[in-house]
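Heads up, model_3.cif below (mmCIF, C-alpha atoms):
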```cif
data_work
#
loop_
_atom_site.label_atom_id
_atom_site.label_comp_id
_atom_site.auth_asym_id
_atom_site.auth_seq_id
_atom_site.Cartn_x
_atom_site.Cartn_y
_atom_site.Cartn_z
CA MET A 302 0.00 0.00 0.00
CA THR A 303 1.38 3.40 -0.98
CA THR A 304 2.08 5.71 1.96
CA PRO A 305 1.45 9.28 0.77
CA ASN A 306 4.39 11.65 1.01
CA LEU A 307 3.18 14.92 2.53
CA GLU A 308 5.49 17.01 0.34
CA ILE A 309 4.16 15.37 -2.82
CA GLU A 310 0.57 15.57 -1.59
CA LEU A 311 0.89 19.32 -1.07
CA SER A 312 2.99 20.21 -4.12
CA ILE A 313 1.45 17.81 -6.64
CA PRO A 314 -2.30 17.68 -6.06
CA LEU A 315 -4.58 15.07 -7.60
CA LYS A 316 -6.37 15.74 -10.88
CA ALA A 317 -4.38 18.87 -11.66
CA THR A 318 -1.52 19.73 -13.99
CA THR A 319 1.70 20.61 -12.16
CA LYS A 320 5.34 21.19 -13.12
CA VAL A 321 7.73 18.75 -11.43
CA SER A 322 11.43 17.98 -11.53
CA ILE A 323 12.46 15.09 -13.78
CA ASP A 324 14.23 13.56 -10.76
CA LYS A 325 10.85 12.86 -9.13
CA LEU A 326 9.74 10.57 -11.99
CA ILE A 327 10.32 6.85 -12.60
CA LEU A 328 9.57 4.61 -15.57
CA ASP A 329 6.62 2.21 -15.54
CA HIS A 330 7.95 -1.36 -15.79
CA ALA A 331 4.37 -2.56 -16.33
CA ASN A 332 4.01 -0.42 -19.45
CA PRO A 333 1.78 -2.31 -21.95
CA ARG A 334 4.33 -1.64 -24.70
CA LEU A 335 6.87 -3.94 -23.03
CA VAL A 336 6.93 -7.53 -24.27
CA GLU A 337 8.50 -8.70 -21.02
CA ALA A 338 6.41 -6.55 -18.69
CA GLY A 339 5.65 -8.24 -15.42
CA ARG A 340 9.13 -9.78 -15.22
CA LYS A 341 11.91 -8.20 -13.19
CA ILE A 342 13.46 -5.86 -15.72
CA SER A 343 15.75 -2.86 -15.47
CA ASP A 344 15.33 0.71 -16.65
CA GLU A 345 17.93 -0.09 -19.29
CA SER A 346 15.78 -2.95 -20.61
CA VAL A 347 12.65 -0.77 -20.59
CA ILE A 348 14.30 1.99 -22.62
CA ALA A 349 15.89 -0.52 -25.00
CA GLN A 350 12.46 -2.05 -25.71
CA LEU A 351 10.91 1.38 -26.22
CA TYR A 352 13.72 2.29 -28.61
CA ARG A 353 13.38 -0.92 -30.63
CA SER A 354 9.60 -0.87 -30.89
CA GLU A 355 8.78 2.84 -30.88
CA GLU A 356 9.91 5.91 -32.81
CA LEU A 357 12.20 6.98 -29.98
CA GLY A 358 14.99 7.92 -32.38
CA GLU A 359 12.75 10.44 -34.13
CA LEU A 360 11.69 11.90 -30.79
CA LEU A 361 15.34 12.38 -29.79
CA GLN A 362 15.98 14.27 -33.02
CA SER A 363 12.91 16.45 -32.48
CA ILE A 364 13.92 17.37 -28.92
CA ALA A 365 17.47 18.15 -30.04
CA ALA A 366 16.10 20.51 -32.70
CA ASN A 367 13.37 22.20 -30.67
CA GLY A 368 13.89 21.40 -27.02
CA TYR A 369 11.26 19.44 -25.10
CA LEU A 370 7.86 20.87 -26.03
CA ASP A 371 5.87 20.60 -22.82
CA ILE A 372 2.46 20.62 -24.47
CA GLU A 373 0.78 17.50 -23.06
CA PRO A 374 1.31 16.51 -19.40
CA LEU A 375 2.59 13.09 -18.41
CA ILE A 376 0.03 11.08 -16.45
CA VAL A 377 1.51 9.91 -13.14
CA MET A 378 0.64 8.33 -9.81
CA LEU A 379 2.54 7.73 -6.59
CA ASP A 380 4.78 4.68 -6.69
CA GLU A 381 4.76 2.00 -3.97
CA SER A 382 7.29 3.87 -1.85
CA GLY A 383 5.23 7.05 -1.89
CA GLU A 384 8.41 8.98 -2.73
CA LYS A 385 8.37 8.99 -6.53
CA LEU A 386 5.88 9.54 -9.33
CA LEU A 387 5.32 6.56 -11.64
CA VAL A 388 4.80 7.60 -15.27
CA LEU A 389 1.67 5.83 -16.53
CA GLU A 390 1.43 7.77 -19.79
CA GLY A 391 4.43 9.40 -21.46
CA ASN A 392 7.17 6.82 -20.84
CA ARG A 393 8.60 7.35 -24.33
CA ARG A 394 8.96 11.10 -23.73
CA PHE A 395 10.40 10.53 -20.25
CA ALA A 396 12.88 7.97 -21.62
CA ALA A 397 14.05 10.43 -24.29
CA ILE A 398 14.63 13.15 -21.68
CA ARG A 399 16.62 10.75 -19.51
CA LEU A 400 18.85 9.79 -22.45
CA PHE A 401 19.78 13.45 -22.91
CA ARG A 402 20.36 13.98 -19.20
CA GLU A 403 22.23 10.76 -18.35
CA PRO A 404 25.20 9.85 -20.57
CA ALA A 405 26.00 6.94 -18.22
CA LEU A 406 22.54 5.50 -18.93
CA VAL A 407 23.36 5.32 -22.63
CA GLU A 408 26.52 3.34 -21.82
CA ARG A 409 24.66 0.98 -19.47
CA ILE A 410 22.08 0.26 -22.18
CA PHE A 411 24.88 -0.67 -24.56
CA ALA A 412 26.62 -2.83 -21.94
CA ASN A 413 23.48 -4.61 -20.74
CA GLU A 414 21.27 -4.70 -23.84
CA ARG A 415 23.85 -4.60 -26.66
CA LEU A 416 22.02 -1.64 -28.14
CA ARG A 417 23.86 1.50 -29.14
CA ILE A 418 21.52 4.49 -28.99
CA SER A 419 22.79 7.55 -30.78
CA VAL A 420 21.76 10.61 -28.76
CA PRO A 421 22.11 13.86 -30.72
CA THR A 422 23.65 16.94 -29.12
CA ILE A 423 21.10 19.34 -27.70
CA PRO A 424 21.99 23.05 -27.90
CA PRO A 425 22.68 24.76 -24.53
CA GLU A 426 19.68 27.07 -24.95
CA PHE A 427 17.35 24.04 -24.90
CA ARG A 428 18.83 22.23 -21.89
CA HIS A 429 16.52 23.97 -19.45
CA THR A 430 13.52 22.30 -21.11
CA LEU A 431 14.76 18.98 -19.74
CA GLU A 432 14.67 20.02 -16.08
CA LYS A 433 10.95 20.08 -15.35
CA VAL A 434 7.87 18.71 -17.11
CA SER A 435 4.12 19.00 -16.65
CA VAL A 436 2.37 16.07 -15.02
CA TYR A 437 -1.24 15.23 -14.27
CA ARG A 438 -1.50 13.13 -11.11
CA VAL A 439 -4.16 10.43 -10.75
CA PRO A 440 -4.86 8.26 -7.68
CA ASN A 441 -4.35 4.90 -9.42
CA ARG A 442 -4.08 3.14 -12.78
CA ASP A 443 -7.81 2.70 -13.14
CA ALA A 444 -8.34 6.45 -13.09
CA ALA A 445 -6.13 6.85 -16.16
CA ARG A 446 -7.27 3.87 -18.20
CA SER A 447 -10.11 5.31 -20.29
CA PHE A 448 -8.00 8.24 -21.49
CA ILE A 449 -4.87 6.18 -22.14
CA GLY A 450 -6.82 3.43 -23.87
CA PHE A 451 -8.65 5.72 -26.26
CA LYS A 452 -5.49 7.68 -27.11
CA HIS A 453 -3.38 4.64 -27.90
CA ILE A 454 -5.90 2.24 -29.37
CA ASN A 455 -8.05 4.39 -31.63
CA GLY A 456 -6.53 7.82 -31.15
CA ALA A 457 -3.64 9.68 -32.73
CA ALA A 458 -0.85 7.80 -30.93
CA LYS A 459 -1.78 4.20 -31.64
CA TRP A 460 -0.01 1.35 -29.87
CA ASP A 461 0.85 -1.90 -31.60
CA SER A 462 -1.47 -4.87 -31.09
CA TYR A 463 0.50 -6.35 -28.18
CA ALA A 464 0.43 -3.10 -26.19
CA LYS A 465 -3.31 -2.79 -26.81
CA ALA A 466 -3.87 -6.36 -25.66
CA ARG A 467 -1.75 -6.01 -22.52
CA PHE A 468 -3.57 -2.82 -21.58
CA ALA A 469 -7.02 -4.39 -22.05
CA ALA A 470 -6.06 -7.63 -20.25
CA ASP A 471 -4.67 -5.79 -17.22
CA TRP A 472 -7.79 -3.65 -17.03
CA TYR A 473 -10.13 -6.63 -17.47
CA ARG A 474 -8.65 -8.73 -14.67
CA ASP A 475 -8.25 -5.87 -12.23
CA ALA A 476 -10.95 -6.75 -9.70
CA LYS A 477 -11.16 -3.11 -8.59
CA SER A 478 -12.14 -1.94 -12.07
CA ASN A 479 -15.19 -4.28 -12.17
CA VAL A 480 -15.72 -3.91 -15.93
CA THR A 481 -16.55 -6.37 -18.68
CA LEU A 482 -14.62 -6.72 -21.92
CA GLY A 483 -17.62 -5.22 -23.68
CA GLU A 484 -17.40 -2.13 -21.50
CA ILE A 485 -13.66 -1.89 -22.02
CA SER A 486 -14.19 -2.12 -25.78
CA GLU A 487 -16.67 0.75 -25.61
CA LYS A 488 -14.43 2.89 -23.39
CA ILE A 489 -11.46 2.57 -25.72
CA GLY A 490 -13.51 2.89 -28.91
CA ASP A 491 -13.28 -0.71 -30.13
CA LYS A 492 -16.46 -1.82 -31.89
CA HIS A 493 -15.35 -5.35 -32.79
CA ASP A 494 -14.35 -8.59 -31.07
CA THR A 495 -10.67 -7.90 -31.63
CA ILE A 496 -10.07 -7.01 -27.98
CA LYS A 497 -11.53 -10.35 -26.86
CA ARG A 498 -9.19 -12.26 -29.15
CA MET A 499 -6.22 -10.16 -28.06
CA VAL A 500 -6.91 -10.68 -24.35
CA THR A 501 -7.20 -14.43 -24.88
CA ALA A 502 -3.85 -14.48 -26.67
CA ILE A 503 -2.31 -12.63 -23.70
CA TYR A 504 -3.70 -15.29 -21.35
CA VAL A 505 -2.27 -18.05 -23.54
CA LEU A 506 1.18 -16.43 -23.53
CA GLU A 507 1.02 -16.00 -19.76
CA GLN A 508 0.05 -19.65 -19.36
CA ALA A 509 3.08 -20.67 -21.43
CA GLU A 510 5.33 -18.54 -19.20
CA LYS A 511 3.67 -19.83 -16.02
CA TYR A 512 4.29 -23.48 -16.87
CA HIS A 513 7.79 -22.79 -18.29
CA ILE A 514 6.98 -24.21 -21.72
CA PHE A 515 7.79 -21.05 -23.68
CA SER A 516 9.09 -17.56 -22.97
CA MET A 517 8.81 -14.56 -25.25
CA ALA A 518 12.37 -13.71 -24.23
CA ASP A 519 13.38 -16.94 -26.02
CA ARG A 520 11.79 -16.06 -29.36
CA LYS A 521 14.20 -16.31 -32.28
CA ILE A 522 13.56 -12.94 -33.91
CA VAL A 523 13.51 -9.52 -32.24
CA LYS A 524 10.26 -8.37 -33.82
CA PHE A 525 7.26 -9.72 -31.97
CA ASN A 526 4.33 -10.34 -34.33
CA PHE A 527 1.59 -10.63 -31.73
CA SER A 528 -1.15 -10.59 -34.38
CA HIS A 529 0.12 -13.98 -35.62
CA LEU A 530 -0.97 -15.57 -32.35
CA TYR A 531 -4.39 -14.02 -31.86
CA THR A 532 -5.19 -14.64 -35.51
CA ALA A 533 -4.14 -18.28 -35.17
CA LEU A 534 -6.19 -18.82 -32.02
CA SER A 535 -9.36 -17.81 -33.84
CA ARG A 536 -8.95 -20.60 -36.41
CA THR A 537 -10.65 -23.97 -35.84
CA GLN A 538 -7.53 -26.06 -36.56
CA TYR A 539 -5.55 -24.34 -33.80
CA MET A 540 -8.47 -24.53 -31.37
CA ASN A 541 -8.76 -28.28 -31.93
CA PHE A 542 -4.99 -28.80 -31.70
CA LEU A 543 -4.84 -26.90 -28.40
CA GLY A 544 -8.06 -28.29 -26.98
CA LEU A 545 -9.76 -24.90 -26.73
CA GLU A 546 -13.50 -24.80 -26.14
CA LEU A 547 -15.58 -23.17 -28.85
CA ALA A 548 -16.77 -20.47 -26.45
CA TRP A 549 -13.27 -19.34 -25.48
CA SER A 550 -13.42 -16.10 -27.47
CA ARG A 551 -16.59 -14.99 -25.70
CA TYR A 552 -15.30 -15.73 -22.21
CA PRO A 553 -11.49 -15.37 -22.13
CA GLU A 554 -9.86 -16.50 -18.91
CA PRO A 555 -6.43 -17.63 -17.67
CA ASP A 556 -5.15 -21.20 -18.25
CA LEU A 557 -7.37 -21.82 -21.26
CA VAL A 558 -5.22 -24.62 -22.70
CA PRO A 559 -5.83 -27.99 -20.97
CA GLU A 560 -2.84 -29.48 -19.16
CA ASP A 561 -2.58 -32.41 -21.56
CA LYS A 562 -2.27 -29.96 -24.48
CA LEU A 563 0.55 -27.81 -23.08
CA ASP A 564 3.13 -29.62 -25.24
CA HIS A 565 1.01 -28.69 -28.26
CA LEU A 566 1.01 -25.07 -27.10
CA ARG A 567 4.80 -25.09 -26.87
CA GLU A 568 5.01 -26.49 -30.42
CA VAL A 569 2.66 -23.84 -31.82
CA LEU A 570 4.55 -20.98 -30.17
CA VAL A 571 7.92 -22.28 -31.38
CA TRP A 572 6.58 -22.75 -34.91
CA ILE A 573 5.26 -19.19 -34.88
CA TYR A 574 8.12 -17.42 -33.04
CA GLY A 575 11.10 -19.79 -33.09
CA SER A 576 13.38 -20.52 -30.14
CA LYS A 577 16.86 -19.21 -29.38
CA ASN A 578 17.61 -21.91 -26.83
CA GLY A 579 16.43 -24.64 -29.17
CA ASP A 580 18.07 -22.94 -32.18
CA LYS A 581 14.83 -23.23 -34.12
CA GLU A 582 13.67 -20.75 -36.73
CA PRO A 583 9.95 -19.92 -36.94
CA VAL A 584 8.13 -21.66 -39.77
CA VAL A 585 5.67 -18.76 -40.01
CA LEU A 586 7.33 -16.03 -42.07
CA SER A 587 4.22 -13.94 -42.76
CA GLN A 588 0.70 -13.92 -41.41
CA ASN A 589 -0.79 -14.47 -44.83
CA PRO A 590 -0.75 -17.22 -45.91
CA ASP A 591 1.49 -18.97 -43.35
CA ILE A 592 -0.86 -18.90 -40.35
CA LYS A 593 -3.56 -20.53 -42.50
CA ARG A 594 -1.13 -23.10 -43.90
CA LEU A 595 0.24 -23.98 -40.45
CA GLY A 596 -3.31 -24.51 -39.18
CA GLU A 597 -4.12 -26.84 -42.07
CA THR A 598 -0.89 -28.74 -41.43
CA LEU A 599 -1.73 -29.18 -37.72
CA ALA A 600 -4.99 -30.86 -38.73
CA ASN A 601 -3.20 -33.43 -40.92
CA ALA A 602 -1.30 -36.37 -39.38
CA GLU A 603 1.31 -36.62 -42.13
CA GLY A 604 1.88 -32.86 -42.28
CA LEU A 605 2.21 -32.67 -38.49
CA HIS A 606 4.74 -35.50 -38.50
CA MET A 607 6.83 -33.70 -41.12
CA LEU A 608 6.78 -30.46 -39.12
CA ARG A 609 7.91 -32.29 -36.01
CA ALA A 610 10.68 -33.89 -38.06
CA GLY A 611 12.00 -30.43 -38.91
CA ARG A 612 10.74 -30.10 -42.47
CA THR A 613 9.72 -26.70 -43.81
CA LEU A 614 6.15 -25.48 -43.63
CA THR A 615 5.97 -25.59 -47.42
CA GLU A 616 6.97 -29.26 -47.47
CA ALA A 617 4.72 -30.20 -44.58
CA HIS A 618 1.74 -28.33 -45.98
CA ALA A 619 2.18 -29.91 -49.42
CA SER A 620 1.73 -33.35 -47.84
CA THR A 621 -1.74 -32.36 -46.62
CA HIS A 622 -3.09 -32.46 -50.16
CA SER A 623 -4.08 -35.71 -51.86
CA ALA A 624 -2.39 -36.82 -55.09
CA ASP A 625 -5.46 -35.97 -57.18
CA GLU A 626 -5.61 -32.46 -55.67
CA LYS A 627 -1.93 -31.92 -56.49
CA LEU A 628 -2.41 -33.17 -60.05
CA SER A 629 -5.44 -30.99 -60.63
CA SER A 630 -3.70 -27.91 -59.21
CA SER A 631 -0.52 -28.56 -61.21
CA LEU A 632 -2.36 -29.05 -64.51
CA ILE A 633 -4.41 -25.89 -64.05
CA LYS A 634 -1.32 -23.86 -63.21
CA ALA A 635 0.62 -25.35 -66.14
CA ARG A 636 -2.19 -24.57 -68.58
CA GLY A 637 -2.30 -21.00 -67.36
CA MET A 638 1.44 -20.52 -67.73
CA LEU A 639 1.45 -22.08 -71.23
CA ARG A 640 -1.39 -19.83 -72.38
CA GLU A 641 0.60 -16.87 -71.10
CA ALA A 642 3.58 -18.13 -73.12
CA VAL A 643 1.39 -18.40 -76.24
CA ASN A 644 0.35 -14.76 -75.81
CA SER A 645 4.03 -13.79 -75.60
CA LEU A 646 5.23 -15.69 -78.69
CA ARG A 647 5.74 -12.45 -80.56
CA GLY A 648 8.74 -11.92 -78.30
CA TYR A 649 10.55 -14.91 -79.85
CA ASN A 650 12.66 -13.95 -82.87
CA GLY A 651 13.84 -17.47 -83.72
CA GLN A 652 17.46 -16.81 -82.76
CA ASP A 653 17.58 -18.40 -79.29
CA GLN A 654 17.98 -22.19 -79.75
CA SER A 655 17.82 -22.82 -75.98
CA LEU A 656 14.25 -21.55 -75.81
CA LEU A 657 13.30 -23.89 -78.64
CA ASN A 658 14.87 -26.79 -76.72
CA ILE A 659 12.83 -25.87 -73.62
CA ALA A 660 9.65 -25.77 -75.71
CA GLU A 661 10.48 -29.22 -77.11
CA ASP A 662 10.99 -30.59 -73.60
CA ILE A 663 7.62 -29.12 -72.52
CA SER A 664 5.96 -30.74 -75.53
CA GLU A 665 7.42 -34.16 -74.71
CA THR A 666 6.44 -33.82 -71.03
CA ALA A 667 2.91 -32.80 -71.94
CA GLU A 668 2.61 -35.74 -74.33
CA THR A 669 3.77 -38.14 -71.59
CA ILE A 670 1.20 -36.77 -69.14
CA TYR A 671 -1.58 -36.90 -71.71
CA SER A 672 -0.82 -40.47 -72.92
CA ARG A 673 -0.63 -41.87 -69.38
CA MET A 674 -3.83 -40.12 -68.28
CA LYS A 675 -5.61 -41.29 -71.47
CA LYS A 676 -4.54 -44.91 -70.83
CA LYS A 677 -5.80 -44.74 -67.22
CA SER A 678 -9.05 -43.27 -68.44
CA LYS A 679 -9.56 -46.18 -70.93
CA ASP A 680 -8.68 -48.73 -68.23
CA ALA A 681 -11.23 -47.16 -65.91
CA MET A 682 -13.93 -47.35 -68.60
CA VAL A 683 -13.19 -51.05 -69.21
CA LYS A 684 -13.53 -51.79 -65.46
CA ASP A 685 -16.88 -50.03 -65.39
#
```

Please go through the file and, once you have read it, give me the structure as structure tokens.
Amino acid sequence: MTTPNLEIELSIPLKATTKVSIDKLILDHANPRLVEAGRKISDESVIAQLYRSEELGELLQSIAANGYLDIEPLIVMLDESGEKLLVLEGNRRFAAIRLFREPALVERIFANERLRISVPTIPPEFRHTLEKVSVYRVPNRDAARSFIGFKHINGAAKWDSYAKARFAADWYRDAKSNVTLGEISEKIGDKHDTIKRMVTAIYVLEQAEKYHIFSMADRKIVKFNFSHLYTALSRTQYMNFLGLELAWSRYPEPDLVPEDKLDHLREVLVWIYGSKNGDKEPVVLSQNPDIKRLGETLANAEGLHMLRAGRTLTEAHASTHSADEKLSSSLIKARGMLREAVNSLRGYNGQDQSLLNIAEDISETAETIYSRMKKKSKDAMVKD
């Protein structure tokens, strides 16, 4: 429980905009933007994540050119100690100011996070803008949620899908807020079921972390494509593979995946995001069409076996189609390509013998296909 500091109570009243020293502020380690929020992370890690996922470099350039423009107040509340102000809204701006003010911080980020942040030189006449900033103090997170949610989900400063989902999930499960997902969707301007799917994906990730079957810190690539997961979880093949009930999207809750399907959850997450510890690359390279193809592969015994054996998604997915489907698809594609070649014949001047050889090979191949299919057709008619 936060013990109010009398000095802060008197000098920084609730629900009012006040100028405060930068030294009174601290970063929010539970910021929805942070992929590893909720874990014990350092300020260096927080700023590194903000730099990698947000336009922090552009903000640094803007401040260097114009000074810090104190137009919109940071939203803050008392931290647990009651001595500092926790920045709920404006962490990116606060991080940029700290990078200008603390050269040692830049070096620690490089040492700890292997990230070199180039901080431009700020002219002496602008340095004073980095001393104090305007803040608007609220009593708790809940008091700031409607404003922050609307601004970053459907407003001018939109968050990515993971940040939106983290924000909504934290709000939804906060017993003190006593709101439904429908109410949250209305408050933040979401008119669709996207928030429900996002919150469920957050719960699934948290379940994977809880049971130590997968960690987002172990993903193979730096970029975190959160939409891959919540899109996958809405598809029937993934729901069946993970043992999810059909009503999951209407009533998201923690520990959705049954215990006997946790190994399947680990496989899905590794196939989507890869694993550094396991030295495995993700098989999903783009949401369309790879999420669809992976789902179809999960529903096929042979395709699933090939994936588990380390074959590519293309190879595994190809095995999900029957021989007659493959033949039909190949013939249709071949006919289309040959018709395109016919329409381009005016481009052949008769000089290139290699092209003529290729055409001859195509003719022989086509004749082989036709003669074998014709024979099988006659045999089938005789049997009938």

For Arg409 (chain A), which residue among A:Ala397, A:Ala349, A:Tyr369, A:Glu487 is the nearest when counting all atoms listed in the file?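 Ranking A:Ala397, A:Ala349, A:Tyr369, A:Glu487 by distance to Arg409 (chain A), first place goes to A:Ala349.
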
Take the PyMOL selection byres ((chain A and resi 362) around 10), run it mentally on this structure, and tell me the resulting residues as JSON, numbers by chain. {"A": [357, 358, 359, 360, 361, 363, 364, 365, 366, 367, 368, 397, 419, 420, 421, 422, 423]}

Those same residues - C-alpha atoms - I'd like them written as an mmCIF file, in the frame of the given file.
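As written to disk, result31.cif reads:
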```
data_model
loop_
_atom_site.group_PDB
_atom_site.id
_atom_site.type_symbol
_atom_site.label_atom_id
_atom_site.label_comp_id
_atom_site.auth_asym_id
_atom_site.auth_seq_id
_atom_site.Cartn_x
_atom_site.Cartn_y
_atom_site.Cartn_z
ATOM 1 C CA LEU A 357 12.200 6.980 -29.980
ATOM 2 C CA GLY A 358 14.990 7.920 -32.380
ATOM 3 C CA GLU A 359 12.750 10.440 -34.130
ATOM 4 C CA LEU A 360 11.690 11.900 -30.790
ATOM 5 C CA LEU A 361 15.340 12.380 -29.790
ATOM 6 C CA SER A 363 12.910 16.450 -32.480
ATOM 7 C CA ILE A 364 13.920 17.370 -28.920
ATOM 8 C CA ALA A 365 17.470 18.150 -30.040
ATOM 9 C CA ALA A 366 16.100 20.510 -32.700
ATOM 10 C CA ASN A 367 13.370 22.200 -30.670
ATOM 11 C CA GLY A 368 13.890 21.400 -27.020
ATOM 12 C CA ALA A 397 14.050 10.430 -24.290
ATOM 13 C CA SER A 419 22.790 7.550 -30.780
ATOM 14 C CA VAL A 420 21.760 10.610 -28.760
ATOM 15 C CA PRO A 421 22.110 13.860 -30.720
ATOM 16 C CA THR A 422 23.650 16.940 -29.120
ATOM 17 C CA ILE A 423 21.100 19.340 -27.700
#
```

Please compute the CA of Ile449 (chain A)-CA of Glu390 (chain A) distance, one decimal, in Å.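 Those two atoms sit 6.9 Å apart.
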
Point out the residue among A:Ile372, A:Ile410, A:Ala667, A:Leu628 with the least atom-to-atom distance to Asp344 (chain A), counting only C-alpha atoms.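 Among the listed residues, A:Ile410 lies closest to Asp344 (chain A).
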
Could you expand the PyMOL selection byres ((chain A and resi 602) around 12) into the explicit residues it covers here, written as a list in words? Phe542, Glu597, Thr598, Leu599, Ala600, Asn601, Glu603, Gly604, Leu605, His606, Met607, Leu608, Arg609, Ala617, His618, Ser620, Thr621 and His622 of chain A

Between A:Ala533, A:Met378, A:Leu566, A:Leu387, which has the minimum distance to Leu326 (chain A) (counting all atoms listed in the file)? A:Leu387

For the structure provided, state which residues fall under the PyMOL selection byres ((chain A and resi 500-502) around 10), and present them as a count of residues only. 39

Grab the CA of Phe395 (chain A) to CA of Thr318 (chain A) distance for me, in Å with one decimal place.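 Computing the Euclidean distance for CA of Phe395 (chain A) and CA of Thr318 (chain A) yields 16.3 Å.
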
Identify which of the residues A:Asp580, A:Lys316, A:Ser354, A:Ser382 lies closest to Val523 (chain A), counting all atoms listed in the file when measuring atom-to-atom distances.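 Closest to Val523 (chain A), using all atoms listed in the file: A:Ser354.
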
For Asp564 (chain A), which residue among A:Val436, A:Ala331, A:Ala445, A:Ile514 is the nearest when counting all atoms listed in the file? A:Ile514

Have a look at CA of Asp519 (chain A) and CA of Val388 (chain A) and let me know their distance in Å, one decimal.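 Distance between the two atoms: 28.1 Å.
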
What are the centre and edge lengths in Å, to one decimal, of the axis-aligned box around all listed atoms of region 650-659 of chain A with 8 Å added on each side, as AutoDock Vina command-line options?
```
--center_x 15.3 --center_y -20.4 --center_z -78.7 --size_x 21.3 --size_y 28.8 --size_z 26.1
```

Residues within 9 Å of (-2.3, -25.6, -18.6), file coords, only C-alpha atoms, listed as an MDAnalysis selection string: chainID A and resid 508:509 511:512 556:563

For the residues in the current selection, export C-alpha atoms as a PDB file, in the frame of the given file.
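File produced: out.pdb:
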```
ATOM      1  CA  GLN A 508       0.050 -19.650 -19.360  1.00  0.00           C
ATOM      2  CA  ALA A 509       3.080 -20.670 -21.430  1.00  0.00           C
ATOM      3  CA  LYS A 511       3.670 -19.830 -16.020  1.00  0.00           C
ATOM      4  CA  TYR A 512       4.290 -23.480 -16.870  1.00  0.00           C
ATOM      5  CA  ASP A 556      -5.150 -21.200 -18.250  1.00  0.00           C
ATOM      6  CA  LEU A 557      -7.370 -21.820 -21.260  1.00  0.00           C
ATOM      7  CA  VAL A 558      -5.220 -24.620 -22.700  1.00  0.00           C
ATOM      8  CA  PRO A 559      -5.830 -27.990 -20.970  1.00  0.00           C
ATOM      9  CA  GLU A 560      -2.840 -29.480 -19.160  1.00  0.00           C
ATOM     10  CA  ASP A 561      -2.580 -32.410 -21.560  1.00  0.00           C
ATOM     11  CA  LYS A 562      -2.270 -29.960 -24.480  1.00  0.00           C
ATOM     12  CA  LEU A 563       0.550 -27.810 -23.080  1.00  0.00           C
TER      13      LEU A 563
END
```

Give the answer as one residue: which of A:Thr666, A:Gln588, A:Thr615, A:Asn644 has the shortest atom-to-atom distance to Leu632 (chain A), using only C-alpha atoms?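 Checking each of A:Thr666, A:Gln588, A:Thr615, A:Asn644 against Leu632 (chain A), counting only C-alpha atoms, the winner is A:Thr666.
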
Generate N, CA and C atoms for region 600-611 of chain A and emit them as an mmCIF file, in the frame of the given file.
```
data_model
loop_
_atom_site.group_PDB
_atom_site.id
_atom_site.type_symbol
_atom_site.label_atom_id
_atom_site.label_comp_id
_atom_site.auth_asym_id
_atom_site.auth_seq_id
_atom_site.Cartn_x
_atom_site.Cartn_y
_atom_site.Cartn_z
ATOM 1 N N ALA A 600 -3.807 -29.999 -38.659
ATOM 2 C CA ALA A 600 -4.990 -30.860 -38.730
ATOM 3 C C ALA A 600 -4.744 -32.121 -39.563
ATOM 4 N N ASN A 601 -3.521 -32.289 -40.066
ATOM 5 C CA ASN A 601 -3.200 -33.430 -40.920
ATOM 6 C C ASN A 601 -2.067 -34.241 -40.289
ATOM 7 N N ALA A 602 -2.280 -35.531 -40.085
ATOM 8 C CA ALA A 602 -1.300 -36.370 -39.380
ATOM 9 C C ALA A 602 0.055 -36.394 -40.080
ATOM 10 N N GLU A 603 0.047 -36.550 -41.392
ATOM 11 C CA GLU A 603 1.310 -36.620 -42.130
ATOM 12 C C GLU A 603 2.027 -35.272 -42.098
ATOM 13 N N GLY A 604 1.269 -34.194 -42.307
ATOM 14 C CA GLY A 604 1.880 -32.860 -42.280
ATOM 15 C C GLY A 604 2.452 -32.544 -40.924
ATOM 16 N N LEU A 605 1.732 -32.903 -39.851
ATOM 17 C CA LEU A 605 2.210 -32.670 -38.490
ATOM 18 C C LEU A 605 3.482 -33.449 -38.217
ATOM 19 N N HIS A 606 3.530 -34.680 -38.676
ATOM 20 C CA HIS A 606 4.740 -35.500 -38.500
ATOM 21 C C HIS A 606 5.941 -34.867 -39.199
ATOM 22 N N MET A 607 5.726 -34.325 -40.387
ATOM 23 C CA MET A 607 6.830 -33.700 -41.120
ATOM 24 C C MET A 607 7.316 -32.440 -40.419
ATOM 25 N N LEU A 608 6.378 -31.656 -39.866
ATOM 26 C CA LEU A 608 6.780 -30.460 -39.120
ATOM 27 C C LEU A 608 7.633 -30.848 -37.921
ATOM 28 N N ARG A 609 7.174 -31.852 -37.190
ATOM 29 C CA ARG A 609 7.910 -32.290 -36.010
ATOM 30 C C ARG A 609 9.277 -32.873 -36.369
ATOM 31 N N ALA A 610 9.402 -33.347 -37.598
ATOM 32 C CA ALA A 610 10.680 -33.890 -38.060
ATOM 33 C C ALA A 610 11.627 -32.803 -38.566
ATOM 34 N N GLY A 611 11.143 -31.543 -38.523
ATOM 35 C CA GLY A 611 12.000 -30.430 -38.910
ATOM 36 C C GLY A 611 11.908 -30.009 -40.350
#
```
